[in-house]
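Below: structure-v7.tsv (TSV, C-alpha atoms)
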```
chain	number	residue	atom	x	y	z
A	1	MET	CA	-28.26	88.43	24.69
A	2	ARG	CA	-27.77	91.86	26.24
A	3	LYS	CA	-30.54	94.35	25.53
A	4	ARG	CA	-29.61	97.18	23.20
A	5	LEU	CA	-29.13	100.51	24.99
A	6	PRO	CA	-31.82	103.01	23.91
A	7	GLU	CA	-30.55	106.20	22.26
A	8	TYR	CA	-31.84	108.39	25.11
A	9	LEU	CA	-29.45	106.62	27.49
A	10	LYS	CA	-26.34	107.35	25.44
A	11	ARG	CA	-24.17	110.31	26.42
A	12	PRO	CA	-21.46	111.98	24.34
A	13	ILE	CA	-17.82	112.14	25.41
A	14	ILE	CA	-16.99	115.70	26.41
A	15	ASP	CA	-13.43	116.93	26.73
A	16	THR	CA	-13.02	120.60	27.59
A	17	ASP	CA	-10.69	122.79	29.61
A	18	THR	CA	-13.17	122.49	32.50
A	19	THR	CA	-13.33	118.69	32.46
A	20	ARG	CA	-9.55	118.48	32.24
A	21	ASN	CA	-9.22	120.89	35.15
A	22	VAL	CA	-11.54	118.78	37.31
A	23	ARG	CA	-9.51	115.66	36.54
A	24	ARG	CA	-6.28	117.53	37.29
A	25	ILE	CA	-7.52	118.72	40.70
A	26	LEU	CA	-8.72	115.25	41.65
A	27	LYS	CA	-5.42	113.68	40.55
A	28	ASN	CA	-3.33	116.28	42.39
A	29	ARG	CA	-5.29	115.67	45.59
A	30	CYS	CA	-5.09	111.85	45.13
A	31	LEU	CA	-8.88	111.56	45.26
A	32	ASN	CA	-11.32	108.99	43.87
A	33	THR	CA	-14.75	109.74	42.48
A	34	VAL	CA	-17.81	107.56	42.12
A	35	CYS	CA	-18.11	109.19	38.68
A	36	GLU	CA	-15.10	107.19	37.47
A	37	ASN	CA	-15.29	104.08	39.65
A	38	ALA	CA	-18.98	103.40	39.06
A	39	ARG	CA	-18.85	104.39	35.38
A	40	CYS	CA	-21.55	107.02	35.81
A	41	PRO	CA	-23.10	108.04	32.47
A	42	ASN	CA	-23.37	111.65	33.66
A	43	LYS	CA	-19.67	112.02	34.48
A	44	ASN	CA	-18.79	114.36	31.65
A	45	GLU	CA	-21.82	116.58	32.18
A	46	CYS	CA	-20.91	117.00	35.86
A	47	TYR	CA	-17.27	117.67	35.03
A	48	THR	CA	-18.30	120.43	32.61
A	49	LYS	CA	-20.09	122.05	35.56
A	50	ASN	CA	-16.88	121.88	37.57
A	51	THR	CA	-18.17	119.29	40.02
A	52	ALA	CA	-17.76	115.64	40.95
A	53	THR	CA	-18.91	113.22	43.66
A	54	PHE	CA	-16.04	112.26	45.95
A	55	LEU	CA	-15.55	108.57	46.75
A	56	ILE	CA	-13.79	108.18	50.09
A	57	MET	CA	-12.17	105.29	51.98
A	58	GLY	CA	-10.52	103.66	48.98
A	59	ASN	CA	-11.35	101.92	45.71
A	60	PHE	CA	-12.30	98.53	47.16
A	61	CYS	CA	-15.64	97.61	48.72
A	62	THR	CA	-16.20	94.90	51.33
A	63	ARG	CA	-19.54	93.99	49.75
A	64	ASN	CA	-20.33	92.45	46.40
A	65	CYS	CA	-23.50	94.13	45.17
A	66	ARG	CA	-24.34	92.58	41.83
A	67	TYR	CA	-25.16	95.84	40.04
A	68	CYS	CA	-22.13	97.88	41.09
A	69	ASN	CA	-18.94	98.43	39.11
A	70	ILE	CA	-16.78	99.13	42.18
A	71	ALA	CA	-14.39	96.26	42.83
A	72	THR	CA	-14.72	93.95	45.84
A	73	ASN	CA	-11.44	93.24	47.59
A	74	ARG	CA	-9.65	93.57	50.91
A	75	PRO	CA	-9.68	97.33	51.55
A	76	GLU	CA	-6.59	99.38	52.26
A	77	PRO	CA	-6.05	101.29	55.53
A	78	LEU	CA	-7.80	104.64	55.74
A	79	ASP	CA	-5.87	107.64	54.44
A	80	GLU	CA	-5.81	110.04	57.37
A	81	ASN	CA	-5.06	112.91	55.00
A	82	GLU	CA	-8.08	112.22	52.81
A	83	PRO	CA	-10.57	114.48	54.68
A	84	LEU	CA	-8.22	117.45	54.25
A	85	HIS	CA	-7.62	116.60	50.59
A	86	VAL	CA	-11.37	116.44	49.96
A	87	ALA	CA	-11.80	119.82	51.63
A	88	GLN	CA	-8.97	121.29	49.56
A	89	ALA	CA	-10.51	119.93	46.35
A	90	VAL	CA	-13.90	121.40	47.29
A	91	LYS	CA	-12.20	124.77	47.68
A	92	ASP	CA	-10.12	124.36	44.50
A	93	LEU	CA	-13.26	123.58	42.50
A	94	GLY	CA	-15.16	126.47	44.05
A	95	LEU	CA	-18.06	124.21	44.99
A	96	LYS	CA	-21.14	125.57	46.71
A	97	TYR	CA	-22.56	122.08	47.14
A	98	ALA	CA	-20.35	119.06	47.85
A	99	VAL	CA	-21.40	115.42	47.63
A	100	ILE	CA	-19.37	112.70	49.35
A	101	THR	CA	-19.96	108.97	49.11
A	102	SER	CA	-17.91	105.91	49.98
A	103	VAL	CA	-17.30	102.26	49.45
A	104	THR	CA	-18.79	100.04	52.15
A	105	ARG	CA	-16.24	99.35	54.88
A	106	ASP	CA	-17.62	96.51	57.00
A	107	ASP	CA	-14.05	95.92	58.20
A	108	LEU	CA	-14.18	99.12	60.29
A	109	PRO	CA	-15.96	99.06	63.69
A	110	ASP	CA	-18.00	102.16	62.80
A	111	GLY	CA	-18.23	101.43	59.07
A	112	GLY	CA	-16.31	104.63	58.38
A	113	ALA	CA	-18.74	107.03	60.07
A	114	GLU	CA	-15.94	108.95	61.79
A	115	HIS	CA	-14.14	109.35	58.47
A	116	PHE	CA	-17.27	110.91	56.98
A	117	SER	CA	-17.43	113.18	60.01
A	118	LYS	CA	-13.82	114.30	59.53
A	119	CYS	CA	-14.51	115.13	55.87
A	120	ILE	CA	-17.47	117.30	56.87
A	121	PHE	CA	-15.39	119.03	59.53
A	122	GLU	CA	-12.50	119.77	57.17
A	123	ILE	CA	-14.78	121.09	54.42
A	124	ARG	CA	-16.52	123.45	56.82
A	125	LYS	CA	-13.18	124.64	58.17
A	126	LEU	CA	-11.96	125.66	54.69
A	127	SER	CA	-15.30	126.49	53.05
A	128	PRO	CA	-17.86	127.28	55.78
A	129	ASP	CA	-20.63	128.25	53.35
A	130	VAL	CA	-20.58	125.01	51.35
A	131	LYS	CA	-23.63	122.76	51.65
A	132	ILE	CA	-22.70	119.10	52.19
A	133	GLU	CA	-24.55	115.96	51.14
A	134	ILE	CA	-23.26	112.52	52.12
A	135	LEU	CA	-24.31	109.23	50.53
A	136	THR	CA	-23.47	106.48	52.98
A	137	PRO	CA	-23.62	102.70	53.33
A	138	ASP	CA	-25.96	101.26	55.96
A	139	PHE	CA	-23.27	100.98	58.71
A	140	LYS	CA	-25.08	97.69	59.50
A	141	GLY	CA	-27.63	99.86	61.33
A	142	ASN	CA	-25.06	100.74	64.01
A	143	LYS	CA	-26.67	103.55	66.02
A	144	LYS	CA	-23.35	104.82	67.40
A	145	ALA	CA	-22.14	105.26	63.83
A	146	LEU	CA	-25.35	107.06	62.91
A	147	ASP	CA	-25.03	109.28	65.99
A	148	CYS	CA	-21.54	110.22	64.78
A	149	ILE	CA	-23.07	111.30	61.46
A	150	ILE	CA	-25.82	113.24	63.20
A	151	GLU	CA	-23.28	115.08	65.32
A	152	ALA	CA	-21.35	116.09	62.18
A	153	HIS	CA	-24.67	117.34	60.78
A	154	PRO	CA	-24.42	117.22	56.99
A	155	ASP	CA	-27.09	119.24	55.19
A	156	VAL	CA	-28.42	116.09	53.48
A	157	PHE	CA	-28.09	112.45	54.51
A	158	ASN	CA	-28.54	110.06	51.59
A	159	HIS	CA	-28.73	106.29	51.83
A	160	ASN	CA	-29.99	104.46	48.76
A	161	ILE	CA	-32.56	101.70	49.12
A	162	GLU	CA	-31.42	100.78	45.55
A	163	THR	CA	-34.23	98.38	44.62
A	164	VAL	CA	-37.57	96.92	45.69
A	165	LYS	CA	-37.83	94.42	48.53
A	166	ASN	CA	-38.46	91.40	46.31
A	167	ILE	CA	-35.20	91.94	44.41
A	168	PHE	CA	-33.11	93.37	47.23
A	169	LYS	CA	-31.30	90.18	48.30
A	170	THR	CA	-30.50	89.28	44.71
A	171	ALA	CA	-28.99	92.70	44.04
A	172	ARG	CA	-27.50	93.33	47.49
A	173	PRO	CA	-26.84	89.91	49.07
A	174	GLN	CA	-24.98	91.40	52.04
A	175	GLY	CA	-27.51	94.15	52.67
A	176	ASP	CA	-30.95	94.20	54.27
A	177	TYR	CA	-33.96	96.14	52.99
A	178	ASP	CA	-35.40	96.70	56.46
A	179	VAL	CA	-32.04	97.82	57.90
A	180	SER	CA	-31.75	100.43	55.16
A	181	LEU	CA	-35.20	101.76	56.04
A	182	LYS	CA	-34.32	101.81	59.75
A	183	VAL	CA	-31.17	103.84	58.99
A	184	LEU	CA	-33.18	106.49	57.14
A	185	LYS	CA	-35.82	106.55	59.85
A	186	TYR	CA	-33.25	106.88	62.65
A	187	ILE	CA	-31.62	109.92	61.04
A	188	LYS	CA	-35.00	111.55	60.49
A	189	GLU	CA	-36.27	110.89	64.01
A	190	ASN	CA	-33.09	112.05	65.74
A	191	SER	CA	-32.11	115.14	63.75
A	192	ASP	CA	-33.36	117.89	61.47
A	193	ILE	CA	-31.11	116.69	58.63
A	194	LYS	CA	-32.84	116.30	55.26
A	195	THR	CA	-32.95	112.65	54.21
A	196	LYS	CA	-32.74	111.24	50.72
A	197	SER	CA	-32.86	107.84	49.04
A	198	GLY	CA	-32.85	106.43	45.54
A	199	LEU	CA	-33.59	103.32	43.57
A	200	MET	CA	-32.67	101.79	40.24
A	201	ILE	CA	-35.31	100.37	37.95
A	202	GLY	CA	-34.98	97.76	35.25
A	203	LEU	CA	-34.02	94.81	37.45
A	204	GLY	CA	-37.35	93.01	37.18
A	205	GLU	CA	-39.56	95.05	39.52
A	206	ASN	CA	-43.12	96.09	38.68
A	207	PHE	CA	-45.04	99.32	39.32
A	208	ASP	CA	-46.79	97.91	42.39
A	209	GLU	CA	-43.43	97.04	43.95
A	210	ILE	CA	-42.06	100.49	43.14
A	211	GLU	CA	-45.12	102.06	44.75
A	212	SER	CA	-44.62	99.90	47.85
A	213	THR	CA	-40.97	101.00	48.10
A	214	LEU	CA	-41.90	104.67	47.71
A	215	SER	CA	-44.51	104.25	50.43
A	216	ASP	CA	-41.92	102.65	52.71
A	217	LEU	CA	-39.55	105.58	52.12
A	218	LYS	CA	-42.33	108.08	52.79
A	219	ALA	CA	-43.19	106.27	56.04
A	220	CYS	CA	-39.56	106.75	57.13
A	221	GLY	CA	-39.85	110.48	56.53
A	222	VAL	CA	-37.55	110.58	53.49
A	223	ASP	CA	-37.57	114.07	51.99
A	224	ILE	CA	-36.03	113.46	48.57
A	225	VAL	CA	-36.20	110.46	46.21
A	226	THR	CA	-34.32	109.72	43.00
A	227	ILE	CA	-35.23	107.04	40.44
A	228	GLY	CA	-33.16	106.13	37.37
A	229	GLN	CA	-32.56	103.34	34.89
A	230	TYR	CA	-30.17	100.54	35.81
A	231	ILE	CA	-27.45	100.10	33.16
A	232	GLN	CA	-25.42	96.89	33.30
A	233	PRO	CA	-21.73	97.75	33.83
A	234	SER	CA	-20.47	94.45	32.38
A	235	LYS	CA	-21.61	90.94	31.44
A	236	GLU	CA	-20.66	89.80	34.96
A	237	HIS	CA	-23.26	92.07	36.57
A	238	LEU	CA	-27.02	91.62	36.82
A	239	PRO	CA	-28.67	91.83	33.39
A	240	VAL	CA	-31.13	94.57	32.53
A	241	SER	CA	-34.65	93.19	32.64
A	242	LYS	CA	-36.28	96.24	31.07
A	243	TYR	CA	-35.52	99.70	29.73
A	244	TYR	CA	-38.30	102.01	30.84
A	245	THR	CA	-39.82	104.32	28.24
A	246	LEU	CA	-39.93	108.09	28.63
A	247	GLU	CA	-43.70	107.82	29.03
A	248	GLU	CA	-43.27	105.39	31.92
A	249	TYR	CA	-41.04	107.90	33.71
A	250	LYS	CA	-43.97	110.32	33.65
A	251	GLU	CA	-46.07	107.58	35.25
A	252	LEU	CA	-43.42	107.14	37.94
A	253	GLU	CA	-43.52	110.88	38.69
A	254	ASN	CA	-47.27	110.59	39.25
A	255	LEU	CA	-46.65	107.53	41.42
A	256	ALA	CA	-44.21	109.47	43.59
A	257	LYS	CA	-46.77	112.25	44.03
A	258	LYS	CA	-49.43	109.68	44.90
A	259	CYS	CA	-47.14	108.30	47.64
A	260	GLY	CA	-46.66	111.77	49.09
A	261	ILE	CA	-43.07	112.27	47.93
A	262	GLU	CA	-42.78	116.05	47.47
A	263	HIS	CA	-39.21	116.31	46.18
A	264	PHE	CA	-38.01	113.88	43.55
A	265	GLN	CA	-35.92	113.52	40.44
A	266	ILE	CA	-37.02	110.76	38.10
A	267	GLY	CA	-35.60	110.01	34.67
A	268	PRO	CA	-33.54	107.56	32.60
A	269	LEU	CA	-30.13	108.96	33.55
A	270	VAL	CA	-30.94	110.12	37.06
A	271	ARG	CA	-28.46	108.95	39.67
A	272	SER	CA	-28.47	109.63	43.40
A	273	SER	CA	-25.96	112.47	43.16
A	274	TYR	CA	-27.08	113.84	39.79
A	275	ARG	CA	-27.85	117.58	40.00
A	276	ALA	CA	-28.07	117.07	43.75
A	277	ALA	CA	-27.98	120.78	44.58
A	278	ASP	CA	-31.08	121.42	42.44
A	279	LEU	CA	-33.21	119.24	44.70
A	280	VAL	CA	-32.08	121.11	47.83
```
Let me see the file written as structure tokens.
Amino acid sequence: MRKRLPEYLKRPIIDTDTTRNVRRILKNRCLNTVCENARCPNKNECYTKNTATFLIMGNFCTRNCRYCNIATNRPEPLDENEPLHVAQAVKDLGLKYAVITSVTRDDLPDGGAEHFSKCIFEIRKLSPDVKIEILTPDFKGNKKALDCIIEAHPDVFNHNIETVKNIFKTARPQGDYDVSLKVLKYIKENSDIKTKSGLMIGLGENFDEIESTLSDLKACGVDIVTIGQYIQPSKEHLPVSKYYTLEEYKELENLAKKCGIEHFQIGPLVRSSYRAADLV
């Protein structure tokens, strides 16, 4: 039996002129968002603030992470016009802070790093004052791909660890906990780009394992950490093991401080891109 969703995790449907305008701009530019594809519970709140998180390189992922709502299938060829369309949407929306993420593209030699780079370039060409955060896959730890990202120099590089080491292979069978840490460490050691990572809770981890993960992230020099409740997208995805109480989120904040994490956002509905500008 699926666990009942606590009231504090439920969000109202909001339909305003602003949310409709955001959808119109995204549709006109033929753009995807992680807000829609991943069924983010904060979608409507973000749309009311005239913002969204762009999902580049298609709707299909080459990996089958067992918590994620994005479909796994053979990906389509890259849209060479997408970087320009993202930049145009950023300008249309009047964003001061843009967040770009992607599906995982293991079919591409560089995992899509150059495509990220082109998006950053096009945004800065049209809106030079916009701050840019990218949330990337692990690129299989490919250092040439990471060097491409470093050269493009986003303001924030985000790669989510997603869960604790003991659960990692269950949740992300095609990923590797240590590779994810190495990616974050490489960016930090070879640039002055702020680094960020996040994890979901409610998959069966305990506080000691969360503390160990936070310590690992701190050891890699991660500047910003997000922690939020995992919500099962469908019956086919991993079940929720536990819904954390609001009091336990306070404990997690103290845990982050104990591990030396100075900048964090921790709460039931926190997602990696949620109120991203506030943390920077």
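Proximity to A:Ala152 was assessed for A:Ile167, A:Val99, A:Ile193, A:Leu135 counting all atoms listed in the file; the smallest distance is recorded for A:Ile193.
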### Query
If we count all atoms listed in the file, what is near A:Thr213 at a cut-off of 12 Å, once residues fewer than 4 positions away on the same chain are taken out, given as a ChimeraX atom specification?
/A:160-168,177-178,180-181,197-201,205-209,217-220,222,225,227,255-256,259,261
### Who sits within 12 Å of A:His159, all atoms listed in the file, same chain under 5 positions skipped, as number ranges by chain
A: 100-102, 104, 133-139, 141, 146, 177, 179-188, 194-199, 217, 222-226, 272-273
#### Entry: Residue nearest A:Ile123 among A:His237, A:Lys96, A:Arg63, A:Lys250 (counting only C-alpha atoms)
A:Lys96
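Atom CA of A:Leu78 lies 12.5 Å from atom CA of A:Cys119.
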### Task
Using all atoms listed in the file, pick whichever of A:Glu211, A:Glu236, A:Asp176, A:Asp147 has the shortest atom-to-atom distance to A:Gly260.
A:Glu211
